[in-house]
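What follows is the content of upload_34.cif (mmCIF, C-alpha atoms).
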```cif
data_coords
#
loop_
_atom_site.label_atom_id
_atom_site.label_comp_id
_atom_site.auth_asym_id
_atom_site.auth_seq_id
_atom_site.Cartn_x
_atom_site.Cartn_y
_atom_site.Cartn_z
CA MET A 1 -72.64 -69.74 21.59
CA THR A 2 -74.79 -66.92 20.32
CA SER A 3 -77.10 -67.96 17.54
CA THR A 4 -77.11 -65.93 14.34
CA THR A 5 -80.31 -67.49 13.09
CA GLU A 6 -82.45 -65.12 15.12
CA PRO A 7 -83.57 -62.07 13.14
CA THR A 8 -81.85 -58.83 14.06
CA GLU A 9 -82.79 -55.27 13.27
CA PRO A 10 -80.91 -54.17 10.16
CA LEU A 11 -79.12 -50.85 10.28
CA SER A 12 -81.07 -48.03 8.69
CA VAL A 13 -79.65 -45.87 5.92
CA GLU A 14 -79.36 -43.04 8.43
CA GLN A 15 -77.45 -45.22 10.86
CA LEU A 16 -75.05 -46.48 8.19
CA SER A 17 -74.37 -42.98 6.88
CA ALA A 18 -73.62 -41.79 10.41
CA THR A 19 -71.02 -44.49 11.04
CA THR A 20 -67.39 -44.21 10.06
CA LEU A 21 -65.46 -46.75 8.00
CA LEU A 22 -62.53 -48.75 9.39
CA ARG A 23 -60.33 -50.83 7.14
CA PHE A 24 -58.38 -53.42 9.10
CA ALA A 25 -56.30 -56.50 8.41
CA THR A 26 -55.50 -59.60 10.43
CA ALA A 27 -52.05 -61.17 10.43
CA GLY A 28 -50.19 -63.82 12.35
CA SER A 29 -48.32 -67.06 12.01
CA VAL A 30 -49.80 -70.36 10.86
CA ASP A 31 -52.41 -71.79 13.25
CA ASP A 32 -52.47 -68.67 15.43
CA GLY A 33 -56.24 -68.56 14.83
CA LYS A 34 -56.75 -65.62 12.48
CA SER A 35 -59.63 -67.13 10.52
CA THR A 36 -61.25 -68.38 13.73
CA LEU A 37 -61.02 -64.88 15.21
CA VAL A 38 -62.60 -63.36 12.11
CA GLY A 39 -65.32 -66.01 12.10
CA ARG A 40 -66.00 -65.43 15.80
CA LEU A 41 -66.12 -61.67 15.24
CA LEU A 42 -68.63 -62.04 12.41
CA HIS A 43 -70.66 -64.67 14.26
CA ASP A 44 -70.94 -62.96 17.64
CA SER A 45 -71.62 -59.55 16.09
CA LYS A 46 -74.51 -61.16 14.19
CA SER A 47 -72.95 -60.43 10.81
CA VAL A 48 -73.39 -63.96 9.41
CA LEU A 49 -76.35 -64.86 7.21
CA THR A 50 -78.35 -67.93 8.19
CA ASP A 51 -77.50 -69.87 5.03
CA GLN A 52 -73.78 -69.15 5.52
CA LEU A 53 -73.88 -70.51 9.05
CA GLU A 54 -75.85 -73.57 7.96
CA ALA A 55 -73.24 -74.31 5.27
CA VAL A 56 -70.45 -74.06 7.84
CA GLU A 57 -72.37 -76.35 10.22
CA ARG A 58 -72.81 -78.95 7.48
CA VAL A 59 -69.12 -78.98 6.56
CA SER A 60 -68.11 -79.08 10.22
CA ALA A 61 -70.47 -81.99 10.92
CA SER A 62 -69.12 -83.92 7.93
CA ARG A 63 -65.69 -83.66 9.54
CA GLY A 64 -66.98 -85.03 12.82
CA GLN A 65 -66.84 -81.67 14.65
CA ASP A 66 -69.43 -81.06 17.35
CA THR A 67 -69.44 -77.28 16.92
CA PRO A 68 -69.20 -75.11 13.78
CA ASP A 69 -65.68 -74.36 12.59
CA LEU A 70 -65.96 -70.59 12.32
CA ALA A 71 -62.72 -70.37 10.33
CA LEU A 72 -64.69 -71.69 7.36
CA LEU A 73 -66.53 -68.37 7.19
CA THR A 74 -63.41 -66.79 5.69
CA ASP A 75 -61.37 -69.64 4.20
CA GLY A 76 -63.21 -69.79 0.90
CA LEU A 77 -60.76 -71.54 -1.41
CA ARG A 78 -61.03 -75.31 -1.70
CA ALA A 79 -57.31 -75.71 -0.93
CA GLU A 80 -57.78 -73.60 2.19
CA ARG A 81 -60.57 -75.79 3.46
CA GLU A 82 -58.68 -79.01 2.71
CA GLN A 83 -55.42 -77.90 4.33
CA GLY A 84 -56.91 -75.86 7.15
CA ILE A 85 -54.85 -72.81 6.23
CA THR A 86 -55.41 -69.37 4.73
CA ILE A 87 -53.85 -68.83 1.30
CA ASP A 88 -55.54 -65.83 -0.28
CA VAL A 89 -56.64 -62.53 1.26
CA ALA A 90 -60.30 -62.88 2.25
CA TYR A 91 -62.21 -59.60 2.34
CA ARG A 92 -65.34 -59.31 4.46
CA TYR A 93 -67.71 -56.39 4.87
CA PHE A 94 -69.83 -55.94 7.98
CA ALA A 95 -71.25 -53.20 10.15
CA THR A 96 -72.39 -52.47 13.68
CA ALA A 97 -74.44 -49.53 14.91
CA ARG A 98 -71.22 -47.63 15.58
CA ARG A 99 -69.02 -48.32 12.56
CA ARG A 100 -68.68 -50.00 9.16
CA PHE A 101 -65.80 -52.38 8.52
CA ILE A 102 -63.78 -53.72 5.61
CA LEU A 103 -61.76 -56.66 6.90
CA ALA A 104 -58.84 -58.35 5.16
CA ASP A 105 -58.01 -61.79 6.59
CA THR A 106 -54.44 -62.38 5.41
CA PRO A 107 -52.38 -65.61 5.29
CA GLY A 108 -49.88 -66.63 7.95
CA HIS A 109 -47.47 -68.75 5.89
CA VAL A 110 -44.13 -67.13 5.12
CA GLN A 111 -44.57 -67.77 1.39
CA TYR A 112 -47.81 -65.74 1.42
CA THR A 113 -46.33 -62.63 3.06
CA ARG A 114 -47.00 -60.85 -0.25
CA ASN A 115 -50.73 -61.26 0.46
CA MET A 116 -50.29 -59.73 3.91
CA VAL A 117 -48.65 -56.73 2.22
CA THR A 118 -51.67 -56.46 -0.09
CA GLY A 119 -54.18 -56.63 2.75
CA ALA A 120 -52.36 -54.18 5.00
CA SER A 121 -51.44 -51.62 2.34
CA THR A 122 -54.78 -49.80 2.70
CA ALA A 123 -55.49 -50.72 6.34
CA ASP A 124 -56.05 -48.22 9.14
CA LEU A 125 -55.44 -50.93 11.72
CA ALA A 126 -53.72 -54.31 11.83
CA VAL A 127 -54.60 -57.13 14.22
CA VAL A 128 -51.50 -59.27 14.81
CA LEU A 129 -52.31 -62.61 16.44
CA VAL A 130 -49.94 -64.55 18.66
CA ASP A 131 -50.46 -68.06 20.02
CA ALA A 132 -50.16 -67.69 23.80
CA ARG A 133 -48.27 -71.01 23.93
CA ASN A 134 -45.61 -69.93 21.43
CA GLY A 135 -45.21 -66.22 22.10
CA VAL A 136 -43.53 -63.82 19.67
CA ILE A 137 -41.86 -65.73 16.81
CA GLU A 138 -40.09 -64.70 13.61
CA GLN A 139 -43.29 -64.43 11.58
CA THR A 140 -44.81 -62.23 14.29
CA ARG A 141 -41.83 -59.91 13.99
CA ARG A 142 -42.11 -59.97 10.19
CA HIS A 143 -45.77 -58.95 10.33
CA ALA A 144 -44.98 -56.18 12.81
CA ALA A 145 -42.23 -54.95 10.48
CA VAL A 146 -44.58 -54.98 7.47
CA ALA A 147 -47.22 -53.05 9.44
CA ALA A 148 -44.60 -50.47 10.43
CA LEU A 149 -43.24 -50.30 6.89
CA LEU A 150 -46.74 -49.69 5.49
CA ARG A 151 -47.35 -46.98 8.13
CA VAL A 152 -50.43 -48.70 9.56
CA PRO A 153 -51.36 -46.22 12.32
CA HIS A 154 -52.90 -48.67 14.81
CA VAL A 155 -51.75 -52.19 15.73
CA VAL A 156 -53.66 -54.60 17.99
CA LEU A 157 -51.76 -57.49 19.54
CA ALA A 158 -54.32 -60.26 20.05
CA VAL A 159 -52.80 -62.91 22.33
CA ASN A 160 -54.94 -65.87 21.30
CA LYS A 161 -55.63 -69.31 22.80
CA MET A 162 -55.50 -68.01 26.36
CA ASP A 163 -57.76 -70.94 27.27
CA LEU A 164 -54.82 -73.27 26.54
CA VAL A 165 -52.56 -71.50 29.07
CA GLU A 166 -55.19 -71.44 31.83
CA TYR A 167 -55.91 -67.75 31.22
CA LYS A 168 -52.72 -66.77 33.07
CA GLU A 169 -52.10 -63.05 33.28
CA SER A 170 -48.32 -63.59 33.49
CA VAL A 171 -48.25 -65.31 30.09
CA PHE A 172 -50.16 -62.45 28.47
CA ALA A 173 -48.05 -59.77 30.17
CA ALA A 174 -44.75 -61.28 29.04
CA ILE A 175 -45.87 -61.55 25.40
CA ALA A 176 -47.38 -58.05 25.41
CA GLU A 177 -44.19 -56.56 26.84
CA GLU A 178 -41.93 -58.27 24.28
CA PHE A 179 -44.09 -57.38 21.29
CA THR A 180 -44.66 -53.77 22.40
CA ALA A 181 -40.93 -53.19 22.82
CA TYR A 182 -40.20 -54.64 19.38
CA ALA A 183 -43.01 -52.79 17.55
CA SER A 184 -42.17 -49.51 19.29
CA GLU A 185 -38.59 -49.78 18.08
CA LEU A 186 -39.97 -50.17 14.56
CA GLY A 187 -41.88 -46.93 15.00
CA VAL A 188 -45.44 -48.28 15.30
CA PRO A 189 -47.30 -45.30 16.82
CA GLU A 190 -50.01 -47.13 18.78
CA ILE A 191 -50.12 -50.69 20.14
CA THR A 192 -53.04 -52.21 22.05
CA ALA A 193 -52.70 -55.68 23.58
CA ILE A 194 -55.82 -57.80 24.19
CA PRO A 195 -55.92 -61.36 25.65
CA ILE A 196 -58.46 -63.51 23.79
CA SER A 197 -59.69 -66.97 22.98
CA ALA A 198 -61.17 -66.89 19.50
CA LEU A 199 -62.44 -70.45 19.82
CA ALA A 200 -64.28 -69.82 23.10
CA GLY A 201 -65.19 -66.20 22.34
CA ASP A 202 -63.30 -64.61 25.26
CA ASN A 203 -62.80 -60.85 24.76
CA VAL A 204 -63.69 -60.96 21.05
CA VAL A 205 -67.15 -59.40 21.16
CA ASP A 206 -68.11 -60.07 24.78
CA ALA A 207 -65.90 -59.54 27.84
CA SER A 208 -64.42 -62.70 29.32
CA ALA A 209 -65.42 -63.98 32.75
CA ASN A 210 -62.23 -66.07 32.72
CA MET A 211 -59.90 -63.06 32.68
CA ASP A 212 -61.23 -60.67 35.29
CA TRP A 213 -57.69 -59.35 35.68
CA TYR A 214 -58.00 -57.66 32.27
CA GLY A 215 -59.81 -54.31 32.30
CA GLY A 216 -59.36 -53.18 28.70
CA PRO A 217 -61.71 -53.31 25.70
CA THR A 218 -62.73 -56.38 23.74
CA VAL A 219 -61.56 -56.65 20.15
CA LEU A 220 -64.86 -55.34 18.77
CA GLU A 221 -65.03 -52.51 21.31
CA HIS A 222 -61.59 -51.35 20.27
CA LEU A 223 -62.42 -51.63 16.56
CA GLU A 224 -65.55 -49.57 17.11
CA THR A 225 -63.84 -46.80 19.08
CA VAL A 226 -60.30 -46.46 17.72
CA PRO A 227 -59.97 -42.98 16.22
CA VAL A 228 -59.64 -43.08 12.44
CA SER A 229 -59.28 -40.05 10.22
CA HIS A 230 -60.32 -40.36 6.59
CA ASP A 231 -60.03 -36.64 5.97
CA LEU A 232 -57.47 -36.59 3.18
CA GLY A 233 -58.71 -33.20 2.05
CA HIS A 234 -55.88 -31.48 3.90
CA CYS A 235 -53.22 -33.63 2.18
CA HIS A 236 -51.27 -32.70 -0.94
CA ALA A 237 -53.80 -32.71 -3.80
CA ARG A 238 -52.97 -35.33 -6.42
CA LEU A 239 -54.85 -36.58 -9.51
CA PRO A 240 -53.19 -39.41 -11.46
CA VAL A 241 -54.59 -39.21 -15.00
CA GLN A 242 -56.20 -42.49 -16.01
CA TYR A 243 -57.82 -41.54 -19.29
CA VAL A 244 -58.00 -38.61 -21.70
CA ILE A 245 -61.58 -37.99 -22.88
CA ARG A 246 -61.83 -36.67 -26.46
CA PRO A 247 -65.30 -37.47 -27.90
CA GLN A 248 -64.76 -35.32 -31.05
CA THR A 249 -68.46 -35.32 -31.80
CA ALA A 250 -70.62 -32.63 -33.37
CA GLU A 251 -71.99 -31.85 -29.91
CA HIS A 252 -68.53 -31.70 -28.29
CA PRO A 253 -66.03 -30.95 -31.08
CA ASP A 254 -63.34 -29.46 -28.83
CA PHE A 255 -63.96 -31.22 -25.51
CA ARG A 256 -60.81 -32.49 -23.80
CA GLY A 257 -61.04 -33.81 -20.25
CA TYR A 258 -58.63 -35.66 -17.98
CA ALA A 259 -60.28 -38.39 -15.94
CA GLY A 260 -59.06 -40.12 -12.81
CA GLN A 261 -59.63 -40.74 -9.12
CA ILE A 262 -58.34 -38.03 -6.81
CA ALA A 263 -55.67 -39.75 -4.72
CA ALA A 264 -55.55 -37.05 -2.06
CA GLY A 265 -56.51 -33.47 -1.37
CA THR A 266 -59.01 -31.09 -2.99
CA PHE A 267 -59.21 -29.46 -6.43
CA ARG A 268 -61.11 -26.24 -7.17
CA VAL A 269 -62.18 -24.48 -10.36
CA GLY A 270 -59.83 -21.58 -11.07
CA GLU A 271 -56.93 -23.15 -9.20
CA SER A 272 -53.47 -23.02 -10.76
CA VAL A 273 -52.20 -26.56 -11.44
CA THR A 274 -49.06 -28.17 -12.81
CA VAL A 275 -48.90 -31.31 -14.94
CA LEU A 276 -46.03 -33.62 -14.03
CA PRO A 277 -43.53 -34.72 -15.12
CA SER A 278 -43.62 -32.13 -17.95
CA GLY A 279 -43.95 -29.20 -15.50
CA ARG A 280 -46.44 -27.29 -17.67
CA THR A 281 -48.85 -25.04 -15.75
CA THR A 282 -52.43 -23.97 -16.36
CA LYS A 283 -55.67 -23.49 -14.43
CA VAL A 284 -58.66 -25.73 -13.74
CA ALA A 285 -61.41 -24.55 -16.09
CA GLY A 286 -64.03 -27.01 -14.87
CA ILE A 287 -64.67 -30.18 -12.92
CA ASP A 288 -67.16 -32.86 -13.98
CA LEU A 289 -68.45 -35.22 -11.28
CA LEU A 290 -70.91 -37.93 -12.30
CA GLY A 291 -71.67 -35.99 -15.46
CA LYS A 292 -72.42 -32.73 -13.67
CA PRO A 293 -70.22 -29.64 -13.26
CA VAL A 294 -69.02 -28.85 -9.72
CA ASP A 295 -66.76 -26.17 -8.28
CA VAL A 296 -64.88 -28.40 -5.82
CA ALA A 297 -63.91 -32.08 -5.74
CA TRP A 298 -61.94 -34.10 -3.21
CA THR A 299 -60.53 -37.56 -2.57
CA PRO A 300 -61.61 -40.28 -3.30
CA GLN A 301 -64.01 -38.92 -5.92
CA SER A 302 -63.56 -39.92 -9.57
CA VAL A 303 -63.70 -36.78 -11.69
CA THR A 304 -62.84 -35.24 -15.03
CA LEU A 305 -60.76 -32.07 -14.96
CA LEU A 306 -60.99 -29.52 -17.76
CA LEU A 307 -57.97 -27.25 -18.15
CA GLU A 308 -57.84 -23.69 -19.52
CA ASP A 309 -54.90 -24.32 -21.85
CA ASP A 310 -54.52 -27.00 -24.50
CA ILE A 311 -51.39 -28.68 -23.17
CA ASP A 312 -50.04 -32.19 -23.64
CA VAL A 313 -51.51 -34.44 -20.91
CA SER A 314 -51.71 -38.22 -21.16
CA ARG A 315 -52.35 -41.30 -19.05
CA GLY A 316 -49.73 -41.60 -16.32
CA ASP A 317 -49.32 -37.86 -15.80
CA LEU A 318 -50.01 -36.34 -12.39
CA ILE A 319 -52.01 -33.13 -11.96
CA VAL A 320 -51.11 -31.20 -8.79
CA PRO A 321 -51.56 -27.68 -7.38
CA SER A 322 -48.75 -25.47 -8.67
CA LYS A 323 -48.00 -24.23 -5.15
CA ASP A 324 -47.68 -27.80 -3.81
CA ALA A 325 -45.94 -29.82 -6.51
CA PRO A 326 -43.71 -32.76 -5.55
CA PRO A 327 -40.20 -32.95 -6.98
CA THR A 328 -39.58 -35.10 -10.03
CA THR A 329 -36.60 -37.41 -10.14
CA GLN A 330 -35.19 -40.42 -11.94
CA ASP A 331 -33.33 -41.58 -8.81
CA VAL A 332 -35.60 -43.37 -6.34
CA GLU A 333 -34.52 -44.36 -2.82
CA ALA A 334 -37.01 -46.50 -0.97
CA THR A 335 -37.68 -49.23 1.53
CA VAL A 336 -39.15 -52.32 -0.09
CA CYS A 337 -40.69 -55.66 0.75
CA HIS A 338 -39.71 -58.25 -1.85
CA VAL A 339 -42.65 -60.55 -2.55
CA ALA A 340 -41.56 -62.71 -5.49
CA ASP A 341 -39.79 -66.07 -5.48
CA GLN A 342 -37.29 -64.67 -7.97
CA PRO A 343 -34.59 -62.64 -6.12
CA LEU A 344 -34.19 -58.91 -6.69
CA THR A 345 -30.56 -58.24 -7.57
CA VAL A 346 -28.34 -55.25 -8.28
CA GLY A 347 -28.57 -54.59 -12.01
CA HIS A 348 -32.06 -56.11 -12.23
CA ARG A 349 -34.08 -54.48 -15.05
CA VAL A 350 -37.69 -53.93 -14.04
CA LEU A 351 -40.82 -51.91 -14.69
CA LEU A 352 -41.70 -49.36 -12.02
CA LYS A 353 -45.42 -48.61 -11.63
CA HIS A 354 -46.26 -45.42 -9.73
CA GLY A 355 -49.91 -44.40 -9.77
CA THR A 356 -51.07 -44.75 -13.37
CA ARG A 357 -47.56 -44.40 -14.82
CA THR A 358 -45.27 -47.32 -15.68
CA VAL A 359 -41.64 -46.74 -16.70
CA LYS A 360 -38.54 -48.82 -17.30
CA ALA A 361 -36.05 -48.87 -14.42
CA ILE A 362 -32.97 -50.64 -13.15
CA VAL A 363 -31.95 -51.56 -9.60
CA LYS A 364 -28.89 -49.44 -8.95
CA ASP A 365 -27.99 -50.61 -5.45
CA ILE A 366 -29.31 -52.58 -2.48
CA PRO A 367 -27.67 -50.74 0.45
CA SER A 368 -29.09 -52.93 3.21
CA ARG A 369 -31.37 -55.76 4.27
CA LEU A 370 -33.24 -55.74 7.57
CA THR A 371 -32.54 -58.56 10.04
CA LEU A 372 -35.83 -59.17 11.84
CA ASP A 373 -34.41 -60.72 14.99
CA ASP A 374 -32.58 -57.64 16.24
CA LEU A 375 -33.54 -55.01 13.62
CA SER A 376 -29.93 -54.69 12.56
CA LEU A 377 -29.01 -53.83 8.96
CA HIS A 378 -27.00 -56.24 6.83
CA PRO A 379 -25.04 -53.94 4.47
CA HIS A 380 -24.97 -54.49 0.70
CA PRO A 381 -26.49 -57.99 0.58
CA GLY A 382 -26.42 -57.95 -3.22
CA GLN A 383 -29.96 -59.28 -3.48
CA LEU A 384 -33.30 -59.51 -1.72
CA VAL A 385 -35.12 -62.84 -1.64
CA ALA A 386 -38.79 -63.55 -1.00
CA ASN A 387 -40.13 -61.77 2.11
CA ASP A 388 -36.93 -59.73 2.65
CA ILE A 389 -37.28 -56.10 3.71
CA GLY A 390 -34.53 -53.71 2.70
CA ARG A 391 -33.40 -50.47 1.12
CA VAL A 392 -32.96 -50.02 -2.63
CA LYS A 393 -31.77 -47.37 -5.04
CA ILE A 394 -33.47 -47.37 -8.43
CA ARG A 395 -32.78 -45.42 -11.60
CA ALA A 396 -35.90 -44.79 -13.70
CA ALA A 397 -35.85 -44.16 -17.44
CA GLU A 398 -38.11 -41.11 -17.03
CA PRO A 399 -38.63 -38.53 -14.26
CA LEU A 400 -41.29 -39.46 -11.69
CA PRO A 401 -43.24 -37.13 -9.37
CA LEU A 402 -42.76 -38.85 -6.02
CA ASP A 403 -44.08 -37.99 -2.58
CA SER A 404 -42.52 -39.43 0.54
CA TYR A 405 -44.52 -42.43 1.77
CA ALA A 406 -44.52 -40.81 5.22
CA ASP A 407 -46.51 -37.92 3.70
CA SER A 408 -48.78 -39.92 1.39
CA ARG A 409 -49.45 -43.65 1.38
CA ARG A 410 -51.16 -43.26 -2.01
CA THR A 411 -48.56 -41.35 -4.03
CA GLY A 412 -45.49 -42.43 -2.06
CA ALA A 413 -45.88 -46.10 -3.00
CA PHE A 414 -44.87 -48.05 -6.09
CA ILE A 415 -44.38 -51.61 -7.27
CA LEU A 416 -41.63 -53.23 -9.31
CA ILE A 417 -42.77 -55.58 -12.08
CA ASP A 418 -40.95 -58.25 -14.05
CA PRO A 419 -41.07 -57.00 -17.67
CA ALA A 420 -40.91 -60.56 -19.00
CA ASP A 421 -44.14 -61.92 -17.50
CA GLY A 422 -45.79 -59.09 -15.55
CA THR A 423 -45.14 -60.65 -12.13
CA THR A 424 -45.13 -58.25 -9.19
CA LEU A 425 -41.65 -58.42 -7.68
CA THR A 426 -41.51 -55.80 -4.95
CA ALA A 427 -43.68 -53.32 -3.05
CA GLY A 428 -41.85 -50.07 -2.41
CA MET A 429 -42.28 -47.05 -0.15
CA VAL A 430 -40.44 -43.86 -1.10
CA GLY A 431 -38.19 -42.15 1.43
CA GLU A 432 -36.83 -42.99 4.84
CA SER A 433 -38.19 -45.66 7.17
CA PHE A 434 -37.13 -47.79 10.10
CA ALA A 435 -34.87 -49.68 7.68
CA ALA A 436 -32.95 -46.58 6.54
CA PRO A 437 -29.22 -47.36 6.55
CA GLN A 438 -26.34 -45.03 7.13
CA PRO A 439 -25.47 -43.12 3.95
CA VAL A 440 -23.35 -45.30 1.69
CA LYS A 441 -21.03 -43.71 -0.84
CA ASP A 442 -21.07 -45.65 -4.06
CA GLU A 443 -18.28 -44.56 -6.39
CA GLY A 444 -19.90 -46.34 -9.31
CA ASP A 445 -23.19 -44.48 -9.06
CA ASP A 446 -22.80 -42.71 -12.39
CA ASP A 447 -21.15 -45.48 -14.39
CA GLY A 448 -22.65 -47.87 -16.90
CA TRP A 449 -26.17 -46.44 -17.22
CA ASP A 450 -27.79 -46.46 -20.60
CA PHE A 451 -30.63 -44.10 -19.72
#
```
For the structure just supplied, provide its representation as structure tokens.
Amino acid sequence: MTSTTEPTEPLSVEQLSATTLLRFATAGSVDDGKSTLVGRLLHDSKSVLTDQLEAVERVSASRGQDTPDLALLTDGLRAEREQGITIDVAYRYFATARRRFILADTPGHVQYTRNMVTGASTADLAVVLVDARNGVIEQTRRHAAVAALLRVPHVVLAVNKMDLVEYKESVFAAIAEEFTAYASELGVPEITAIPISALAGDNVVDASANMDWYGGPTVLEHLETVPVSHDLGHCHARLPVQYVIRPQTAEHPDFRGYAGQIAAGTFRVGESVTVLPSGRTTKVAGIDLLGKPVDVAWTPQSVTLLLEDDIDVSRGDLIVPSKDAPPTTQDVEATVCHVADQPLTVGHRVLLKHGTRTVKAIVKDIPSRLTLDDLSLHPHPGQLVANDIGRVKIRAAEPLPLDSYADSRRTGAFILIDPADGTTLTAGMVGESFAAPQPVKDEGDDDGWDF
């Protein structure tokens, strides 16, 4: 085992600025070895501080283990350590000479699928682990479906515990073939299968001498080289307004600025913009960035826009280029992953949060629920229970400016909230997806609505 106690050369500021950033999430069923893989990745890439490793060694020794339990590097909650499972999403930040990483180690239990949705929602890549002894199981298929639903562009199938199946190529090949066929049918654009042993370190950071039949990259090599584009400047420009700045001081008696983080695209001074959902148009008179005026700003910068005309703009509004404005609608059709214990039913009254805007809404219809085994659609189930994936139709109390999730992961997503206690019920993605059903005519669509 490689020691992390030896001093290593830290990356210089120049090296860090030259590297790209990869956000990735791990997923898999219980005891597939996610936390061990993450711990091994951090340990063998020399991304563990000496005191962290010493703490893990002490806990491991107190349990009678001869070697450090690397899973403890990510399982930080007391309940996680006691039960030997992952409950919460554990975020870790590390870097190599080639790339910077933000890692989300997500739980494997079915009841914590909501946390997997959280971790994967911003990921550029998902690592789905499979125990080589068990192969592809229902939770594996669920995680593949969530990754496809969230439009994660790259998926790595890590077939773990190869040491427990004598490093047999046939075992790996069968699992890789089954998973690839399933994920491809879901629409996952890129799938890379890697045979590993997280416990022994095979093909995690260093190539394995036990699997000379495998000629592909190790997990770290793939993470360092997978192409990732963070250039959202070419996307539809969107600024959800978070706060209206009106100091009304002697120095700034008439100042009115609209602050927020640019969700996508680029804004320029002089550009014609539209405020949604009102539809009023004006031009960008100025852009403040970190207290200084600039001519251009782009995602993900936090800015304050100044507009030429004194129009009504408030928190929750969306500022967009007039030539590239999304449609506004009260009728939302989306694919959702239900994450609450309380079922989502037809007629359910909810709050819909899109960007910085929250409106009242009601579930109009649930046209279908996805069956994970064969990807068939169960029509009109009437409700979605925890961890179900399905299609919904929602009627909002006010018009919403919605992009398709296929076009924008930032402004095509929303959540449904229980108005009684603020619990997040459902994560939704606007537009079509792999779960899109055949059109269903509902004769009662226009009946019984009070808004």
Query raised in the report: Hey, which of A:Asp212, A:Asp317, A:Asp31, A:Asp309 ends up closest to Ala259 (chain A)? Count only C-alpha atoms.
Result: A:Asp317
Report task. Give me the result of the PyMOL selection byres ((chain A and resi 297) around 12) on this file, residue by residue, as an NGL selection string. Result -> :A and (232-233 or 237-239 or 260-269 or 271 or 284 or 286-290 or 292-296 or 298-305)
**Report entry** Selection result for the PyMOL selection byres ((chain A and resi 199) around 12) on this file, as a PyMOL selection string
**Finding:** chain A and resi 1+32-41+43-44+67-71+160-164+196-198+200-204
Return as lines of an AutoDock Vina configuration file the box centre and box size in Å, one decimal, for an axis-aligned box around all listed atoms of region 382-385 of chain A padded by 8 Å per side.
```
center_x = -30.8
center_y = -60.4
center_z = -2.6
size_x = 24.7
size_y = 20.9
size_z = 17.8
```
Report task. Tell me, in Å to one decimal, how far CA of Thr335 (chain A) is from CA of Ile415 (chain A). Result -> 11.3 Å
Query - Reference answer for the PyMOL selection byres ((chain A and resi 346) around 12), as a list in words - result: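 That selection, the PyMOL selection byres ((chain A and resi 346) around 12), comes back as Pro343, Leu344, Thr345, Gly347, His348, Arg349, Val350, Ala361, Ile362, Val363, Lys364, Asp365, Ile366, Pro367, Ser368, His380, Pro381, Gly382, Gln383, Leu384, Arg391, Val392, Lys393, Ile394, Arg395 and Asp445 of chain A.
You can rank A:Leu370, A:Val117, A:Cys235, A:Val273 by their closest distance to Thr411 (chain A) using all atoms listed in the file, and at the top of that list sits A:Cys235.
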Report summary line: In terms of all atoms listed in the file, the residue from A:Pro227, A:Pro277, A:Gly28, A:Pro247 at minimal distance from Arg357 (chain A) is A:Pro277
Query raised in the report: Restricting the calculation to only C-alpha atoms, which member of A:Val336, A:Val165, A:Leu402, A:Val228 is positioned closest to Leu150 (chain A)?
Result: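 Looking at the shortest contact to Leu150 (chain A), the residue is A:Val336.
Neighbourhood of point (-47.6, -42.9, -12.9): residues with an atom at most 8 Å away, counting only C-alpha atoms, are Pro240, Arg315, Gly316, Asp317, Leu318, Lys353, His354, Gly355, Thr356, Arg357, Thr358 and Leu400 of chain A.
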Report task. Please measure the separation of CA of Pro401 (chain A) and CA of Val146 (chain A), giving the value in Å to one decimal. Result -> 24.6 Å
Query raised in the report: Excluding same-chain residues fewer than 3 positions from Thr122 (chain A), what lies within 10 Å of it counting only C-alpha atoms, as number ranges by chain?
Result: A: 23-25, 104, 117-119, 125, 150-152, 409-410
Put those residues in a file: C-alpha atoms, as a tab-separated table (two decimals), keeping the file's coordinate frame.
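Resulting contents of result10.tsv:
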```tsv
chain	number	residue	atom	x	y	z
A	23	ARG	CA	-60.33	-50.83	7.14
A	24	PHE	CA	-58.38	-53.42	9.10
A	25	ALA	CA	-56.30	-56.50	8.41
A	104	ALA	CA	-58.84	-58.35	5.16
A	117	VAL	CA	-48.65	-56.73	2.22
A	118	THR	CA	-51.67	-56.46	-0.09
A	119	GLY	CA	-54.18	-56.63	2.75
A	125	LEU	CA	-55.44	-50.93	11.72
A	150	LEU	CA	-46.74	-49.69	5.49
A	151	ARG	CA	-47.35	-46.98	8.13
A	152	VAL	CA	-50.43	-48.70	9.56
A	409	ARG	CA	-49.45	-43.65	1.38
A	410	ARG	CA	-51.16	-43.26	-2.01
```
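From CA of Ile191 (chain A) back to CA of Val171 (chain A), the distance works out to 17.8 Å.
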Please provide the set of residues having any atom within 8 Å of Lys323 (chain A), restricted to only C-alpha atoms, with same-chain residues fewer than 2 positions apart removed, written as a PDB file with C-alpha atoms, in the coordinates of the input.
```pdb
ATOM      1  CA  SER A 272     -53.470 -23.020 -10.760  1.00  0.00           C
ATOM      2  CA  VAL A 273     -52.200 -26.560 -11.440  1.00  0.00           C
ATOM      3  CA  PRO A 321     -51.560 -27.680  -7.380  1.00  0.00           C
ATOM      4  CA  ALA A 325     -45.940 -29.820  -6.510  1.00  0.00           C
TER       5      ALA A 325
END
```
Requested in this report: Determine the nearest neighbour of Asp312 (chain A) from the options A:Ser278, A:Thr20, A:Thr180, A:Thr426, counting all atoms listed in the file.
Outcome: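 The shortest atom-to-atom distance to Asp312 (chain A) comes from A:Ser278.
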Query raised in the report: Which residue out of A:Asp254, A:Glu398, A:Asp341, A:Glu138 has the minimum interatomic distance to Thr329 (chain A) when all atoms listed in the file are used?
Result: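 Distance minimum relative to Thr329 (chain A) lands on A:Glu398.
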Report task. Would you mind listing what lies within 7 Å of Thr274 (chain A) as a count of residues only, with all atoms listed in the file counted and same-chain residues fewer than 6 positions away left out? Result -> 7
